[in-house]
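What's in structure_6.txt: compact mmCIF, C-alpha atoms
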# COMPACT_ATOMS: atom_id res chain seq x y z
CA MET A 19 15.07 25.70 20.22
CA LYS A 20 15.29 22.26 21.84
CA ALA A 21 13.71 18.92 20.98
CA ILE A 22 13.36 15.35 22.20
CA ASP A 23 13.34 12.33 19.92
CA THR A 24 10.81 10.19 21.78
CA HIS A 25 11.20 7.11 19.59
CA CYS A 26 14.09 5.70 17.59
CA HIS A 27 15.94 2.43 17.06
CA ILE A 28 19.60 3.08 17.78
CA SER A 29 20.86 -0.43 17.02
CA HIS A 30 19.21 -0.36 13.58
CA THR A 31 20.63 3.12 12.95
CA LEU A 32 24.16 2.03 13.87
CA LYS A 33 23.84 -0.97 11.56
CA ARG A 34 23.26 1.48 8.72
CA GLY A 35 26.68 2.99 9.13
CA LEU A 36 26.26 5.77 11.69
CA LYS A 37 28.58 5.62 14.70
CA LEU A 38 27.13 6.30 18.14
CA ASN A 39 29.45 9.23 18.87
CA THR A 40 28.49 10.82 15.56
CA LEU A 41 24.79 10.26 16.26
CA LEU A 42 25.18 12.01 19.61
CA GLU A 43 27.24 14.86 18.15
CA HIS A 44 24.64 15.51 15.45
CA ALA A 45 21.86 15.46 18.05
CA LYS A 46 23.70 17.91 20.30
CA ARG A 47 24.35 20.23 17.36
CA ASN A 48 20.59 20.36 16.66
CA ASN A 49 19.69 20.85 20.36
CA VAL A 50 18.15 17.39 20.62
CA PHE A 51 19.00 16.88 24.28
CA ALA A 52 17.18 13.60 24.96
CA ILE A 53 16.73 10.47 22.86
CA ILE A 54 14.46 7.53 23.67
CA ASP A 55 15.70 4.27 22.18
CA SER A 56 13.04 1.59 21.64
CA PRO A 57 14.54 -1.83 20.91
CA VAL A 58 11.95 -4.41 19.85
CA GLU A 59 13.99 -7.62 20.14
CA VAL A 60 15.26 -9.21 23.35
CA LYS A 61 18.70 -9.64 21.81
CA GLU A 62 18.89 -5.83 21.49
CA TYR A 63 17.87 -5.08 25.07
CA GLN A 64 21.28 -5.49 26.72
CA GLN A 65 23.06 -3.30 24.16
CA ALA A 66 20.42 -0.60 24.60
CA ILE A 67 20.72 -0.69 28.39
CA ARG A 68 24.52 -0.55 28.14
CA ILE A 69 24.33 2.54 25.90
CA HIS A 70 21.88 4.15 28.34
CA ARG A 71 24.23 3.49 31.26
CA ASN A 72 27.06 5.15 29.35
CA HIS A 73 24.86 8.16 28.47
CA PRO A 74 22.30 8.31 31.31
CA LYS A 75 21.40 11.98 30.82
CA THR A 76 20.90 11.73 27.06
CA ILE A 77 19.68 8.27 26.08
CA TYR A 78 16.63 6.69 27.70
CA ILE A 79 14.99 3.34 27.00
CA THR A 80 11.57 1.85 26.39
CA LEU A 81 11.36 -1.90 25.85
CA GLY A 82 8.82 -3.72 23.72
CA ALA A 83 8.30 -6.12 20.84
CA ALA A 84 7.18 -5.72 17.24
CA PRO A 85 3.51 -6.81 17.05
CA ALA A 86 4.00 -8.40 13.63
CA ASN A 87 6.43 -10.85 15.25
CA TYR A 88 4.48 -11.79 18.38
CA HIS A 89 3.81 -15.29 17.06
CA GLU A 90 7.52 -15.91 16.47
CA VAL A 91 8.99 -14.89 19.83
CA ASN A 92 8.89 -15.96 23.47
CA ILE A 93 6.49 -13.41 24.94
CA GLU A 94 6.96 -14.64 28.51
CA ALA A 95 10.73 -14.10 28.23
CA ILE A 96 10.12 -10.59 26.91
CA LEU A 97 7.71 -9.76 29.73
CA THR A 98 10.21 -11.07 32.28
CA SER A 99 13.05 -9.02 30.79
CA ILE A 100 10.99 -5.84 30.74
CA ARG A 101 9.90 -6.38 34.34
CA THR A 102 13.50 -6.97 35.45
CA PHE A 103 14.87 -3.84 33.78
CA ALA A 104 11.94 -1.80 35.08
CA GLU A 105 12.60 -2.94 38.64
CA GLN A 106 16.21 -1.81 38.15
CA LYS A 107 14.92 1.64 37.09
CA GLU A 108 16.58 1.27 33.68
CA ILE A 109 13.57 2.06 31.46
CA VAL A 110 11.03 4.86 31.06
CA GLY A 111 8.26 3.03 29.20
CA VAL A 112 6.81 -0.16 27.73
CA GLY A 113 6.82 -0.23 23.96
CA GLU A 114 6.53 -0.28 21.23
CA VAL A 115 3.74 -2.80 21.62
CA GLY A 116 0.28 -3.09 20.10
CA LEU A 117 -1.23 -4.39 16.88
CA ASP A 118 -0.05 -4.64 13.28
CA TYR A 119 -2.62 -5.38 10.61
CA TYR A 120 -0.37 -4.14 7.80
CA TRP A 121 1.98 -7.13 7.89
CA VAL A 122 -0.32 -9.65 9.58
CA LYS A 123 -3.45 -10.65 7.63
CA ASN A 124 -4.21 -14.01 9.24
CA ASP A 125 -7.18 -13.82 11.62
CA THR A 126 -5.73 -16.35 14.07
CA LEU A 127 -2.48 -14.42 14.33
CA ARG A 128 -4.37 -11.16 14.72
CA LYS A 129 -6.34 -12.67 17.59
CA ARG A 130 -3.06 -13.71 19.20
CA GLN A 131 -1.80 -10.15 18.80
CA HIS A 132 -4.76 -8.89 20.81
CA GLU A 133 -4.10 -11.41 23.58
CA THR A 134 -0.43 -10.44 23.75
CA PHE A 135 -1.25 -6.74 23.60
CA ARG A 136 -3.39 -7.16 26.73
CA GLN A 137 -0.45 -8.76 28.51
CA PHE A 138 1.72 -5.74 27.72
CA ILE A 139 -0.99 -3.33 28.86
CA ASN A 140 -1.30 -5.22 32.13
CA LEU A 141 2.48 -5.13 32.55
CA ALA A 142 2.63 -1.38 31.99
CA ASN A 143 -0.14 -0.90 34.55
CA GLU A 144 1.73 -3.09 37.03
CA LEU A 145 4.99 -1.19 36.51
CA ASN A 146 3.30 2.22 36.30
CA LEU A 147 5.12 3.00 33.06
CA PRO A 148 3.72 4.71 29.95
CA LEU A 149 2.67 2.64 26.95
CA VAL A 150 4.10 3.32 23.49
CA ILE A 151 1.68 1.96 20.91
CA HIS A 152 2.38 0.55 17.45
CA SER A 153 -0.94 0.33 15.61
CA ARG A 154 -0.19 0.17 11.90
CA ASP A 155 -3.44 -0.28 9.97
CA ALA A 156 -5.05 -1.17 13.32
CA GLU A 157 -5.54 2.18 15.01
CA LYS A 158 -9.28 1.70 15.51
CA GLU A 159 -8.83 -1.88 16.66
CA ALA A 160 -6.29 -0.80 19.29
CA LEU A 161 -8.68 1.61 21.00
CA PRO A 162 -10.94 -0.96 22.74
CA GLU A 163 -7.88 -2.72 24.15
CA LEU A 164 -6.47 0.57 25.44
CA THR A 165 -9.46 1.14 27.71
CA ARG A 166 -7.55 -1.17 30.07
CA ALA A 167 -4.61 1.24 30.27
CA GLU A 168 -4.15 3.03 33.59
CA VAL A 169 -0.97 4.83 32.49
CA PRO A 170 -0.13 7.49 29.88
CA VAL A 171 -0.55 6.28 26.29
CA VAL A 172 1.54 7.40 23.32
CA MET A 173 0.37 6.57 19.80
CA HIS A 174 3.76 6.12 18.16
CA SER A 175 4.17 7.39 14.60
CA PHE A 176 0.40 7.59 14.29
CA SER A 177 -0.90 7.31 10.73
CA GLY A 178 -4.59 6.55 11.16
CA ASP A 179 -7.46 8.81 10.17
CA ILE A 180 -8.26 12.14 11.79
CA ALA A 181 -11.39 10.85 13.55
CA THR A 182 -9.36 8.16 15.29
CA ALA A 183 -6.62 10.66 16.16
CA LEU A 184 -9.22 12.91 17.76
CA GLU A 185 -10.68 9.96 19.67
CA CYS A 186 -7.19 9.30 21.02
CA THR A 187 -6.66 12.89 22.13
CA ASN A 188 -10.15 13.02 23.65
CA ARG A 189 -9.08 10.11 25.82
CA GLY A 190 -5.97 12.02 26.85
CA TYR A 191 -3.55 9.98 24.75
CA PHE A 192 -0.56 11.63 23.09
CA ILE A 193 0.09 11.50 19.35
CA SER A 194 3.71 11.16 18.31
CA ILE A 195 4.37 13.04 15.08
CA SER A 196 7.33 11.67 13.16
CA THR A 197 9.77 13.34 10.81
CA ALA A 198 7.68 12.00 7.92
CA VAL A 199 5.40 14.99 8.57
CA THR A 200 7.64 16.98 6.24
CA ARG A 201 6.53 14.93 3.23
CA ARG A 202 3.49 12.75 3.94
CA LYS A 203 0.06 14.33 3.49
CA LYS A 204 -1.68 12.10 6.04
CA ASN A 205 0.83 13.00 8.75
CA ARG A 206 0.46 16.67 7.92
CA ARG A 207 -3.33 16.53 8.19
CA ILE A 208 -3.12 14.85 11.58
CA ALA A 209 -0.58 17.37 12.89
CA LYS A 210 -2.90 20.20 11.88
CA ALA A 211 -6.04 18.60 13.29
CA ILE A 212 -4.98 17.71 16.82
CA SER A 213 -4.12 19.96 19.73
CA LEU A 214 -0.47 20.87 20.20
CA GLU A 215 -0.98 20.00 23.88
CA GLN A 216 -1.28 16.32 22.87
CA ILE A 217 1.74 16.15 20.53
CA ILE A 218 5.26 14.81 20.98
CA THR A 219 7.89 14.28 18.28
CA GLU A 220 9.96 11.35 17.05
CA THR A 221 12.15 10.16 14.20
CA ASP A 222 11.57 6.38 14.30
CA SER A 223 15.10 6.38 12.90
CA PRO A 224 16.64 4.94 10.86
CA TYR A 225 13.21 5.02 9.18
CA LEU A 226 10.89 7.89 8.14
CA SER A 227 13.56 10.36 7.04
CA PRO A 228 12.34 13.93 6.53
CA PHE A 229 14.43 14.06 3.37
CA PRO A 230 13.25 11.91 0.44
CA GLU A 231 16.79 11.63 -0.91
CA LYS A 232 18.22 10.35 2.38
CA LYS A 233 17.45 6.76 3.24
CA ARG A 234 18.81 6.80 6.80
CA ASN A 235 17.15 8.90 9.48
CA GLU A 236 18.72 9.84 12.84
CA PRO A 237 17.63 11.52 16.10
CA ALA A 238 19.10 14.91 15.16
CA ASN A 239 16.45 15.21 12.45
CA VAL A 240 13.57 15.38 14.95
CA ILE A 241 14.06 19.16 14.91
CA HIS A 242 12.57 19.12 11.39
CA ALA A 243 9.33 17.67 12.79
CA VAL A 244 9.19 20.54 15.30
CA LYS A 245 9.69 23.10 12.53
CA GLU A 246 7.09 21.51 10.26
CA ILE A 247 4.47 21.31 13.01
CA ALA A 248 5.03 25.01 13.72
CA LYS A 249 4.58 25.82 10.05
CA LEU A 250 1.40 23.74 9.75
CA LYS A 251 -0.14 25.21 12.89
CA GLU A 252 1.11 28.73 12.15
CA VAL A 253 2.65 29.14 15.58
CA PRO A 254 6.24 29.99 16.60
CA GLU A 255 8.76 27.17 16.49
CA GLU A 256 9.73 27.96 20.08
CA GLU A 257 6.16 27.30 21.21
CA VAL A 258 6.08 23.90 19.53
CA SER A 259 9.49 23.13 21.01
CA LYS A 260 8.42 24.09 24.53
CA VAL A 261 5.12 22.20 24.49
CA THR A 262 6.38 18.99 22.88
CA VAL A 263 9.46 18.87 25.11
CA ASN A 264 7.39 19.41 28.25
CA ASN A 265 4.91 16.74 27.13
CA ALA A 266 7.70 14.21 26.66
CA LEU A 267 9.36 15.06 29.98
CA LYS A 268 6.03 14.62 31.75
CA ILE A 269 5.02 11.37 30.03
CA PHE A 270 8.35 9.61 30.53
CA LYS A 271 9.22 11.29 33.86
CA ILE A 272 12.55 12.51 32.56
CA LYS A 273 14.33 14.98 34.82
CA ARG A 274 16.41 17.65 33.12
Translate the structure described by the file into C-alpha cells.
Amino acid sequence: MKAIDTHCHISHTLKRGLKLNTLLEHAKRNNVFAIIDSPVEVKEYQQAIRIHRNHPKTIYITLGAAPANYHEVNIEAILTSIRTFAEQKEIVGVGEVGLDYYWVKNDTLRKRQHETFRQFINLANELNLPLVIHSRDAEKEALPELTRAEVPVVMHSFSGDIATALECTNRGYFISISTAVTRRKKNRRIAKAISLEQIITETDSPYLSPFPEKKRNEPANVIHAVKEIAKLKEVPEEEVSKVTVNNALKIFKIKR
C-alpha cells in the first residue's frame, strides 16, 4: 500500500529534531513515495528548492505564504519568487495561500487578505499550476474568490462544515484529509461525507500528528490517514491508497 504526503513543512519538521535522511527513511519504510513540501516564507524557499534538487523523484515543492501574515510580508517579492521558480520548472503548485479568519480578526486586514488571495489565484492561473488553499475559519468566505480559479483547487487540511465540503467537491475541488482524521471528530465526519474520488492525503507535519502523545508529525505518518479513511468508508485500504495516490499524481502532474 502506497501513499503520498501532499502537504508538509519540511523545514519546520527538521527544526523539531528530525534529520532529513531519517525523515526520508521513515517515509520509504511506510511506502510514502512522494512528499510535497510547502514552505510559506520566502527565506525558506531556497532551502526547499535545494532539497528538491537533491531528491527530485521524492520531494516536490509548492510555494506560498501564510494568509495570517500577508500584512507583514512583501507580497510582490513572494509573487516574483514563485513566478521565477515556476518558470524554472521547480514547483508543482501555488500554496498554501488563501484566508485565515482564525488568527486575523481585524476587518481591514481581512479585506487585505482577500485582495492578496486574488493575486495568488491570478498567478496560479497564469502559471497553470494547482492552488493549495488555506482557509482556516474562512472556508465559506474563500469560495466566492475561488470562482476565479482556472486550475485544480486543493482545500488543504480542510476543517469546515460538511455543507461547505460538499460545495467544494461539487465544484470539482479536492479535499485534503490530514492525519488528524485519526482523532478529530470533524475531520472524520468530512472524510465520511465526501466522495473518495475527491480526496487526497497529507500530514501538515510537523503539525496534526495522528498520535495524541506525539507532538511532532512527519510524512511517513500519512499512511495512517489512508488507513483511517478506509476504516471510515468501509472500503479496502488498497482502494483508498490507489485513488488518493492517483488523485495527487493527476493534480500535481507528478510522473512516477
Can you tell me, as a short mmCIF file (atom, residue, chain, number, x, y, z; two decimals) with C-alpha atoms, in the frame of the given file, what residues are no more than 8 Å from stretch 40-51 of chain A when counting only C-alpha atoms, ignoring any on the same chain fewer than 6 positions away?
data_model
loop_
_atom_site.label_atom_id
_atom_site.label_comp_id
_atom_site.auth_asym_id
_atom_site.auth_seq_id
_atom_site.Cartn_x
_atom_site.Cartn_y
_atom_site.Cartn_z
CA MET A 19 15.07 25.70 20.22
CA LYS A 20 15.29 22.26 21.84
CA ALA A 21 13.71 18.92 20.98
CA ILE A 22 13.36 15.35 22.20
CA ASP A 23 13.34 12.33 19.92
CA THR A 76 20.90 11.73 27.06
CA GLU A 236 18.72 9.84 12.84
CA PRO A 237 17.63 11.52 16.10
CA ALA A 238 19.10 14.91 15.16
CA ASN A 239 16.45 15.21 12.45
CA VAL A 240 13.57 15.38 14.95
CA ILE A 241 14.06 19.16 14.91
#
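Here atom CA of A:Lys33 and atom CA of A:Phe270 stand 26.7 Å from one another.
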Exercise on stretch 132-141 of chain A, axis-aligned box with 8 Å per side, report centre and edge lengths in Å to one decimal, as AutoDock Vina command-line options:
--center_x -1.1 --center_y -7.4 --center_z 26.7 --size_x 23.2 --size_y 24.1 --size_z 27.7
Using only C-alpha atoms, what does the table of stretch 132-246 of chain A residues within 7 Å of stretch 99-122 of chain A look like, with each row giving the shortest atom pair and its distance in Å to one decimal, sorted by chain and ascending number, as JSON lines?
{"residue": "A:His132", "atom": "CA", "partner": "A:Leu117", "partner_atom": "CA", "distance": 6.9}
{"residue": "A:Phe135", "atom": "CA", "partner": "A:Gly116", "partner_atom": "CA", "distance": 5.3}
{"residue": "A:Ala142", "atom": "CA", "partner": "A:Val112", "partner_atom": "CA", "distance": 6.1}
{"residue": "A:Leu147", "atom": "CA", "partner": "A:Gly111", "partner_atom": "CA", "distance": 5.0}
{"residue": "A:Pro148", "atom": "CA", "partner": "A:Gly111", "partner_atom": "CA", "distance": 4.9}
{"residue": "A:Leu149", "atom": "CA", "partner": "A:Val112", "partner_atom": "CA", "distance": 5.1}
{"residue": "A:Val150", "atom": "CA", "partner": "A:Gly113", "partner_atom": "CA", "distance": 4.5}
{"residue": "A:Ile151", "atom": "CA", "partner": "A:Val115", "partner_atom": "CA", "distance": 5.2}
{"residue": "A:His152", "atom": "CA", "partner": "A:Gly116", "partner_atom": "CA", "distance": 5.0}
{"residue": "A:Ser153", "atom": "CA", "partner": "A:Leu117", "partner_atom": "CA", "distance": 4.9}
{"residue": "A:Arg154", "atom": "CA", "partner": "A:Asp118", "partner_atom": "CA", "distance": 5.0}
{"residue": "A:Asp155", "atom": "CA", "partner": "A:Tyr119", "partner_atom": "CA", "distance": 5.2}
{"residue": "A:Ala156", "atom": "CA", "partner": "A:Tyr119", "partner_atom": "CA", "distance": 5.6}
{"residue": "A:Ala160", "atom": "CA", "partner": "A:Leu117", "partner_atom": "CA", "distance": 6.7}
Report, in Å with one decimal, the straight-line distance from atom CA of A:Ser194 to atom CA of A:Leu81. 16.9 Å
Contacts of A:Arg207 at 12 Å (all atoms listed in the file; same-chain gap of 2+ positions) as a PyMOL selection string: chain A and resi 176-181+183-184+195+198-205+209-212+246-247+250-251
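You can rank A:Phe138, A:Pro254, A:Glu59, A:Glu144 by their closest distance to A:Leu164 using only C-alpha atoms, and at the top of that list sits A:Phe138.
In this comparison, which uses all atoms listed in the file, the residue of A:Lys61, A:Arg206, A:Ala52, A:His73 approaching A:Asn39 most closely is A:His73.
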What is the atom CA of A:Lys233 to atom CA of A:Leu36 distance in Å? 12.2 Å
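With only C-alpha atoms as the basis for measurement, A:Lys75 is the residue among A:Leu38, A:Asp55, A:Lys75, A:Tyr63 that approaches A:Ile272 most closely.
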At a cut-off of 8 Å, can you tabulate as CSV every residue of stretch 89-206 of chain A near stretch 214-226 of chain A together with its closest atom pair and the distance in Å to one decimal, using all atoms listed in the file and ordering rows by chain then number?
residue,atom,partner,partner_atom,distance
A:Ser175,CA,A:Glu220,CA,7.4
A:Thr187,CA,A:Gln216,CA,6.4
A:Gly190,CA,A:Gln216,CA,7.5
A:Tyr191,CA,A:Gln216,CA,7.0
A:Phe192,CA,A:Gln216,CA,4.8
A:Ile193,CA,A:Ile217,CA,5.1
A:Ser194,CA,A:Ile218,CA,4.8
A:Ile195,CA,A:Thr219,CA,4.9
A:Ser196,CA,A:Glu220,CA,4.7
A:Thr197,CA,A:Thr221,CA,5.2
A:Ala198,CA,A:Leu226,CA,5.2
Save the residues we just selected, C-alpha atoms, as a compact mmCIF listing (two decimals), in the frame of the given file?
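Saved as selection.txt:
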# COMPACT_ATOMS: atom_id res chain seq x y z
CA SER A 175 4.17 7.39 14.60
CA THR A 187 -6.66 12.89 22.13
CA GLY A 190 -5.97 12.02 26.85
CA TYR A 191 -3.55 9.98 24.75
CA PHE A 192 -0.56 11.63 23.09
CA ILE A 193 0.09 11.50 19.35
CA SER A 194 3.71 11.16 18.31
CA ILE A 195 4.37 13.04 15.08
CA SER A 196 7.33 11.67 13.16
CA THR A 197 9.77 13.34 10.81
CA ALA A 198 7.68 12.00 7.92
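The shell of residues at most 8 Å from A:Tyr88, with all atoms listed in the file counted and near chain neighbours (fewer than 3 positions) removed, consists of Ala83, Ala84, Pro85, Val91, Asn92, Ile93, Arg130, Gln131 and Thr134 of chain A.
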Choose the residue, out of A:Arg234, A:His174, A:Ala248, A:Glu256, that has the smallest atom-to-atom separation from A:Ile28; count only C-alpha atoms. A:Arg234
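Here the question is which of A:Glu252, A:Glu157, A:Asn235, A:Val172 gets nearest to A:Ala266 using all atoms listed in the file, and that residue is A:Val172.
Proximity of A:Ile96, A:Leu141, A:Asn87, A:Val261 to A:Arg128, computed with only C-alpha atoms, is greatest for A:Asn87.
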Could stretch 190-209 of chain A be completed with N, CA and C atoms and returned as a compact mmCIF listing (two decimals), keeping the file's coordinate frame?
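Here's the written file part.txt:
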# COMPACT_ATOMS: atom_id res chain seq x y z
N GLY A 190 -7.16 11.56 26.15
CA GLY A 190 -5.97 12.02 26.85
C GLY A 190 -4.69 11.39 26.38
N TYR A 191 -4.75 10.59 25.29
CA TYR A 191 -3.55 9.98 24.75
C TYR A 191 -2.72 11.04 24.01
N PHE A 192 -1.45 10.75 23.84
CA PHE A 192 -0.56 11.63 23.09
C PHE A 192 -0.29 11.04 21.72
N ILE A 193 -0.22 11.90 20.72
CA ILE A 193 0.09 11.50 19.35
C ILE A 193 1.53 11.88 19.06
N SER A 194 2.32 10.90 18.66
CA SER A 194 3.71 11.16 18.31
C SER A 194 3.82 11.42 16.81
N ILE A 195 4.22 12.63 16.48
CA ILE A 195 4.37 13.04 15.08
C ILE A 195 5.81 12.81 14.65
N SER A 196 5.98 12.02 13.60
CA SER A 196 7.33 11.67 13.16
C SER A 196 7.86 12.67 12.14
N THR A 197 9.12 12.50 11.81
CA THR A 197 9.77 13.34 10.81
C THR A 197 9.17 13.19 9.42
N ALA A 198 8.37 12.15 9.21
CA ALA A 198 7.68 12.00 7.92
C ALA A 198 6.65 13.09 7.70
N VAL A 199 6.36 13.89 8.72
CA VAL A 199 5.40 14.99 8.57
C VAL A 199 5.86 16.01 7.54
N THR A 200 7.14 16.03 7.23
CA THR A 200 7.64 16.98 6.24
C THR A 200 7.22 16.61 4.82
N ARG A 201 6.78 15.35 4.62
CA ARG A 201 6.53 14.93 3.23
C ARG A 201 5.33 14.01 3.03
N ARG A 202 4.64 13.63 4.10
CA ARG A 202 3.49 12.75 3.94
C ARG A 202 2.21 13.51 4.28
N LYS A 203 1.28 13.53 3.33
CA LYS A 203 0.06 14.33 3.49
C LYS A 203 -0.76 13.89 4.70
N LYS A 204 -0.87 12.59 4.92
CA LYS A 204 -1.68 12.10 6.04
C LYS A 204 -1.11 12.60 7.37
N ASN A 205 0.20 12.52 7.52
CA ASN A 205 0.83 13.00 8.75
C ASN A 205 0.61 14.49 8.95
N ARG A 206 0.65 15.22 7.86
CA ARG A 206 0.46 16.67 7.92
C ARG A 206 -0.97 17.01 8.35
N ARG A 207 -1.94 16.29 7.82
CA ARG A 207 -3.33 16.53 8.19
C ARG A 207 -3.56 16.25 9.68
N ILE A 208 -2.96 15.19 10.17
CA ILE A 208 -3.12 14.85 11.58
C ILE A 208 -2.48 15.91 12.46
N ALA A 209 -1.28 16.35 12.10
CA ALA A 209 -0.58 17.37 12.89
C ALA A 209 -1.39 18.65 12.97
